[in-house]
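Comments concern the structure below.
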Amino acid sequence: LDYARYPNDRFDYSRAAIREFRTWMRSRISDSARRPVDEQESVDLFAYPDAFPDEWRTFRTSRMTALVGRIHTAVTRQRPGITVSAAVAPDAREAAERRLQDWNGWVDAGYVDAICPMAYATDPAKFEEQIAAARDGAGTHPVWAGIGAYRLSPQETVGNITTASVTNLTEGATY
């Protein structure tokens with residue numbers, strides 16, 4: 001799965017997403033908490049996301065997770081034994097905070113069988129750090145490094161391939 005994430009944490013303030021969030025939130029808050037937000041919403045489409053920013057983030061993250069789960073179910077139903085992988089931001093915390101991409105949760109839930117960290121760093125030490133962090137987050141699941149060769153010289157590309165291979169071998173992963 002490529003681009004199973006939001007472009008950034010300010011994405012999807014569409015009317016449909018806000019309407020679904022409002023419905024979701026209304027079932028979780030009291031009438032007294034709802035009234036002022038409903039009043040504000042009559043003049044401000046963003047009243048619910050603005051009033052409940054943490055819940056808005058959780059809502060969007062859970063929507064992405066649910067989508068990945070549905071895709072996994074549909075794909076494995078059609079092709080049992082297939083490996084479902086996802087291109088992910090290499091740092092799980094950054095992925096969750098900035099891209100609303102809870103790939104640690106996807107791994108834990110069995111929605112993805114392998115992760116492909118987009119470790120596009122041009123600095124070799126940073127690349128190695130990104131792959132090691134992704135390896136830690138993946139547990140026993142395979143890690144297939146995205147090295148961003150388009151940003152590298154041929155020698156740097158070979159260096160990153162070697163680093164990714166050695167990191168996986170050191171951690172005992174299979175690929």
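Simple scheme: letters A, B, ... for chains in structure tokens order, numbers from 1 for residues in each chain, numbers from 1 for ligands in the order shown.
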From a backbone DSSP assignment, name each residue in region 29-143 of chain A labelled helix (DSSP H, G or I), as a short mmCIF file (atom, residue, chain, number, x, y, z; two decimals) with N, CA, C and O atoms, in the first residue's frame.
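Just written: out_10.cif:
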data_model
loop_
_atom_site.label_atom_id
_atom_site.label_comp_id
_atom_site.auth_asym_id
_atom_site.auth_seq_id
_atom_site.Cartn_x
_atom_site.Cartn_y
_atom_site.Cartn_z
N ASP A 31 -25.29 16.42 26.08
CA ASP A 31 -26.08 17.47 25.45
C ASP A 31 -25.54 18.85 25.79
O ASP A 31 -25.49 19.74 24.94
N SER A 32 -25.12 19.02 27.02
CA SER A 32 -24.62 20.33 27.44
C SER A 32 -23.30 20.67 26.74
O SER A 32 -23.03 21.84 26.46
N ALA A 33 -22.49 19.69 26.45
CA ALA A 33 -21.25 19.93 25.71
C ALA A 33 -21.52 20.13 24.23
O ALA A 33 -20.80 20.86 23.54
N ARG A 34 -22.56 19.53 23.73
CA ARG A 34 -22.89 19.59 22.31
C ARG A 34 -23.52 20.93 21.91
O ARG A 34 -23.23 21.46 20.84
N ARG A 35 -24.39 21.45 22.76
CA ARG A 35 -25.15 22.67 22.41
C ARG A 35 -24.28 23.83 21.93
O ARG A 35 -24.54 24.39 20.86
N PRO A 36 -23.25 24.23 22.68
CA PRO A 36 -22.45 25.38 22.21
C PRO A 36 -21.72 25.10 20.89
O PRO A 36 -21.56 26.00 20.06
N VAL A 37 -21.30 23.86 20.68
CA VAL A 37 -20.60 23.53 19.44
C VAL A 37 -21.59 23.54 18.28
O VAL A 37 -21.28 24.03 17.19
N ASP A 38 -22.80 23.04 18.51
CA ASP A 38 -23.83 23.10 17.48
C ASP A 38 -24.15 24.54 17.10
O ASP A 38 -24.34 24.85 15.93
N GLU A 39 -24.21 25.41 18.09
CA GLU A 39 -24.47 26.83 17.82
C GLU A 39 -23.34 27.42 16.98
O GLU A 39 -23.59 28.14 16.01
N GLN A 40 -22.12 27.13 17.36
CA GLN A 40 -20.96 27.63 16.62
C GLN A 40 -20.93 27.08 15.20
O GLN A 40 -20.58 27.78 14.26
N GLU A 41 -21.35 25.84 15.05
CA GLU A 41 -21.33 25.19 13.73
C GLU A 41 -22.25 25.90 12.73
O GLU A 41 -22.01 25.84 11.53
N ALA A 47 -16.39 23.93 13.43
CA ALA A 47 -16.65 24.01 14.87
C ALA A 47 -16.30 22.72 15.60
O ALA A 47 -15.65 22.76 16.66
N TYR A 48 -16.71 21.58 15.07
CA TYR A 48 -16.43 20.32 15.77
C TYR A 48 -14.94 19.98 15.77
O TYR A 48 -14.38 19.69 16.84
N PRO A 49 -14.24 20.02 14.63
CA PRO A 49 -12.80 19.75 14.69
C PRO A 49 -12.05 20.74 15.59
O PRO A 49 -11.13 20.35 16.30
N ASP A 50 -12.47 22.00 15.56
CA ASP A 50 -11.79 23.00 16.39
C ASP A 50 -12.07 22.79 17.88
O ASP A 50 -11.20 23.01 18.72
N ALA A 51 -13.27 22.37 18.21
CA ALA A 51 -13.64 22.18 19.61
C ALA A 51 -13.02 20.91 20.21
O ALA A 51 -12.79 20.84 21.41
N PRO A 53 -9.93 18.93 19.07
CA PRO A 53 -8.79 18.62 18.19
C PRO A 53 -8.18 17.25 18.42
O PRO A 53 -7.78 16.58 17.45
N ASP A 54 -8.09 16.79 19.65
CA ASP A 54 -7.51 15.46 19.91
C ASP A 54 -8.40 14.36 19.35
O ASP A 54 -7.91 13.39 18.74
N GLU A 55 -9.69 14.53 19.53
CA GLU A 55 -10.64 13.55 19.00
C GLU A 55 -10.66 13.57 17.47
O GLU A 55 -10.81 12.54 16.83
N TRP A 56 -10.50 14.76 16.89
CA TRP A 56 -10.44 14.90 15.43
C TRP A 56 -9.25 14.13 14.87
O TRP A 56 -9.37 13.40 13.89
N ARG A 57 -8.10 14.24 15.54
CA ARG A 57 -6.91 13.49 15.13
C ARG A 57 -7.16 11.99 15.27
O ARG A 57 -6.88 11.21 14.36
N THR A 58 -7.71 11.58 16.39
CA THR A 58 -8.00 10.17 16.63
C THR A 58 -8.98 9.64 15.59
O THR A 58 -8.80 8.53 15.06
N PHE A 59 -9.99 10.41 15.28
CA PHE A 59 -11.00 10.01 14.30
C PHE A 59 -10.37 9.76 12.93
O PHE A 59 -10.60 8.73 12.30
N ARG A 60 -9.55 10.70 12.47
CA ARG A 60 -8.92 10.54 11.15
C ARG A 60 -7.93 9.39 11.13
O ARG A 60 -7.87 8.62 10.17
N THR A 61 -7.17 9.24 12.21
CA THR A 61 -6.23 8.12 12.29
C THR A 61 -6.98 6.79 12.27
O THR A 61 -6.58 5.85 11.57
N SER A 62 -8.07 6.72 13.00
CA SER A 62 -8.83 5.46 13.04
C SER A 62 -9.48 5.17 11.69
O SER A 62 -9.60 3.99 11.32
N ARG A 63 -9.85 6.19 10.96
CA ARG A 63 -10.40 5.98 9.61
C ARG A 63 -9.36 5.36 8.69
O ARG A 63 -9.65 4.46 7.90
N MET A 64 -8.12 5.86 8.77
CA MET A 64 -7.05 5.32 7.94
C MET A 64 -6.76 3.88 8.35
O MET A 64 -6.59 3.00 7.50
N THR A 65 -6.72 3.62 9.63
CA THR A 65 -6.49 2.26 10.12
C THR A 65 -7.60 1.33 9.66
O THR A 65 -7.33 0.20 9.23
N ALA A 66 -8.83 1.78 9.74
CA ALA A 66 -9.97 0.95 9.30
C ALA A 66 -9.86 0.65 7.81
O ALA A 66 -10.14 -0.47 7.37
N LEU A 67 -9.44 1.63 7.01
CA LEU A 67 -9.27 1.42 5.58
C LEU A 67 -8.20 0.36 5.31
O LEU A 67 -8.42 -0.57 4.52
N VAL A 68 -7.07 0.46 5.99
CA VAL A 68 -6.00 -0.52 5.82
C VAL A 68 -6.50 -1.91 6.22
O VAL A 68 -6.23 -2.91 5.54
N GLY A 69 -7.26 -1.99 7.31
CA GLY A 69 -7.82 -3.26 7.74
C GLY A 69 -8.77 -3.85 6.72
O GLY A 69 -8.74 -5.06 6.44
N ARG A 70 -9.64 -3.01 6.15
CA ARG A 70 -10.58 -3.50 5.12
C ARG A 70 -9.85 -3.97 3.87
O ARG A 70 -10.21 -4.99 3.27
N ILE A 71 -8.82 -3.24 3.49
CA ILE A 71 -8.03 -3.66 2.32
C ILE A 71 -7.36 -4.99 2.59
O ILE A 71 -7.39 -5.91 1.75
N HIS A 72 -6.77 -5.15 3.77
CA HIS A 72 -6.12 -6.41 4.12
C HIS A 72 -7.11 -7.57 4.05
O HIS A 72 -6.82 -8.62 3.47
N THR A 73 -8.28 -7.37 4.62
CA THR A 73 -9.30 -8.43 4.61
C THR A 73 -9.71 -8.78 3.18
O THR A 73 -9.78 -9.97 2.82
N ALA A 74 -9.96 -7.79 2.36
CA ALA A 74 -10.40 -8.04 0.98
C ALA A 74 -9.31 -8.73 0.16
O ALA A 74 -9.58 -9.68 -0.58
N VAL A 75 -8.08 -8.27 0.31
CA VAL A 75 -6.98 -8.83 -0.48
C VAL A 75 -6.70 -10.27 -0.06
O VAL A 75 -6.53 -11.16 -0.91
N THR A 76 -6.63 -10.52 1.24
CA THR A 76 -6.31 -11.87 1.69
C THR A 76 -7.47 -12.85 1.44
O THR A 76 -7.23 -14.05 1.32
N ARG A 77 -8.67 -12.34 1.36
CA ARG A 77 -9.80 -13.20 1.01
C ARG A 77 -9.66 -13.67 -0.44
O ARG A 77 -9.91 -14.83 -0.76
N GLN A 78 -9.24 -12.78 -1.31
CA GLN A 78 -9.07 -13.11 -2.71
C GLN A 78 -7.80 -13.92 -2.98
O GLN A 78 -7.78 -14.76 -3.87
N ALA A 92 7.91 5.82 13.64
CA ALA A 92 6.50 5.53 13.94
C ALA A 92 5.82 6.69 14.66
O ALA A 92 4.64 6.98 14.39
N ARG A 93 6.51 7.36 15.54
CA ARG A 93 5.91 8.49 16.25
C ARG A 93 5.61 9.64 15.29
O ARG A 93 4.53 10.21 15.30
N GLU A 94 6.57 9.96 14.44
CA GLU A 94 6.37 11.02 13.45
C GLU A 94 5.26 10.64 12.48
O GLU A 94 4.44 11.47 12.09
N ALA A 95 5.21 9.36 12.10
CA ALA A 95 4.16 8.89 11.19
C ALA A 95 2.79 9.11 11.80
O ALA A 95 1.86 9.58 11.13
N ALA A 96 2.66 8.77 13.08
CA ALA A 96 1.37 8.93 13.76
C ALA A 96 1.02 10.39 13.97
O ALA A 96 -0.13 10.79 13.76
N GLU A 97 1.98 11.20 14.36
CA GLU A 97 1.70 12.60 14.67
C GLU A 97 1.49 13.46 13.44
O GLU A 97 0.59 14.29 13.40
N ARG A 98 2.32 13.29 12.43
CA ARG A 98 2.27 14.19 11.27
C ARG A 98 1.48 13.64 10.10
O ARG A 98 0.96 14.40 9.29
N ARG A 99 1.41 12.30 9.96
CA ARG A 99 0.73 11.69 8.81
C ARG A 99 -0.52 10.91 9.21
O ARG A 99 -1.18 10.35 8.35
N TRP A 103 1.20 2.97 11.80
CA TRP A 103 1.67 1.70 11.26
C TRP A 103 2.05 0.71 12.35
O TRP A 103 1.97 -0.51 12.13
N ASN A 104 2.43 1.17 13.53
CA ASN A 104 2.64 0.23 14.64
C ASN A 104 1.35 -0.51 14.95
O ASN A 104 1.36 -1.73 15.17
N GLY A 105 0.24 0.20 14.97
CA GLY A 105 -1.06 -0.42 15.20
C GLY A 105 -1.42 -1.40 14.09
O GLY A 105 -2.01 -2.45 14.35
N TRP A 106 -1.07 -1.05 12.85
CA TRP A 106 -1.37 -1.94 11.72
C TRP A 106 -0.59 -3.24 11.86
O TRP A 106 -1.14 -4.32 11.59
N VAL A 107 0.67 -3.13 12.24
CA VAL A 107 1.50 -4.33 12.44
C VAL A 107 0.91 -5.17 13.56
O VAL A 107 0.72 -6.39 13.42
N ASP A 108 0.60 -4.53 14.69
CA ASP A 108 0.07 -5.25 15.84
C ASP A 108 -1.26 -5.93 15.53
O ASP A 108 -1.53 -7.03 16.02
N ALA A 109 -2.10 -5.29 14.72
CA ALA A 109 -3.41 -5.84 14.38
C ALA A 109 -3.34 -6.88 13.26
O ALA A 109 -4.33 -7.54 12.96
N PRO A 124 24.11 9.04 5.27
CA PRO A 124 24.16 7.60 5.60
C PRO A 124 23.84 7.28 7.05
O PRO A 124 23.16 6.29 7.33
N ALA A 125 24.29 8.11 7.98
CA ALA A 125 24.01 7.84 9.40
C ALA A 125 22.52 7.99 9.70
O ALA A 125 21.94 7.20 10.44
N LYS A 126 21.90 8.99 9.11
CA LYS A 126 20.46 9.20 9.30
C LYS A 126 19.68 8.04 8.68
O LYS A 126 18.71 7.55 9.26
N PHE A 127 20.10 7.59 7.51
CA PHE A 127 19.44 6.45 6.86
C PHE A 127 19.52 5.23 7.77
O PHE A 127 18.52 4.55 8.00
N GLU A 128 20.70 4.95 8.29
CA GLU A 128 20.87 3.79 9.18
C GLU A 128 19.98 3.92 10.42
O GLU A 128 19.35 2.95 10.85
N GLU A 129 19.89 5.11 10.97
CA GLU A 129 19.04 5.37 12.13
C GLU A 129 17.56 5.12 11.79
O GLU A 129 16.83 4.51 12.57
N GLN A 130 17.13 5.58 10.62
CA GLN A 130 15.74 5.39 10.21
C GLN A 130 15.41 3.90 10.04
O GLN A 130 14.35 3.45 10.48
N ILE A 131 16.30 3.16 9.42
CA ILE A 131 16.04 1.73 9.21
C ILE A 131 16.03 0.99 10.54
O ILE A 131 15.18 0.13 10.79
N ALA A 132 16.94 1.35 11.43
CA ALA A 132 16.98 0.70 12.75
C ALA A 132 15.70 0.99 13.53
O ALA A 132 15.13 0.09 14.17
N ALA A 133 15.22 2.23 13.46
CA ALA A 133 13.98 2.58 14.17
C ALA A 133 12.79 1.82 13.60
O ALA A 133 11.94 1.32 14.35
N ALA A 134 12.72 1.74 12.28
CA ALA A 134 11.63 0.98 11.65
C ALA A 134 11.72 -0.49 12.03
O ALA A 134 10.71 -1.14 12.31
N ARG A 135 12.92 -1.02 12.04
CA ARG A 135 13.15 -2.42 12.41
C ARG A 135 12.64 -2.68 13.84
O ARG A 135 11.96 -3.67 14.10
N ASP A 136 12.93 -1.75 14.74
CA ASP A 136 12.46 -1.88 16.12
C ASP A 136 10.94 -1.88 16.18
O ASP A 136 10.35 -2.66 16.91
N GLY A 137 10.32 -0.99 15.42
CA GLY A 137 8.86 -0.88 15.43
C GLY A 137 8.16 -2.05 14.76
O GLY A 137 7.01 -2.36 15.09
N ALA A 138 8.83 -2.71 13.85
CA ALA A 138 8.21 -3.79 13.09
C ALA A 138 8.18 -5.11 13.85
O ALA A 138 7.47 -6.04 13.45
#
Practice item. Using CA of Val143 (chain A) and CA of Leu100 (chain A) as the two end points, give the distance in Å to one decimal. Key: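 CA of Leu100 (chain A) lies 20.1 Å from CA of Val143 (chain A).
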**Study point:** strand (DSSP E) positions in region 27-128 of chain A, given as a ChimeraX atom specification
**Key:** /A:85-88,114-117
**Study point:** Among listed residues A:Arg151, A:His141, A:Arg26, A:Arg15, nearest Phe46 (chain A) (using only C-alpha atoms)
**Key:**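 Nearest to Phe46 (chain A): A:Arg15.
The space between CA of Asp123 (chain A) and CA of Gly159 (chain A) spans 10.7 Å.
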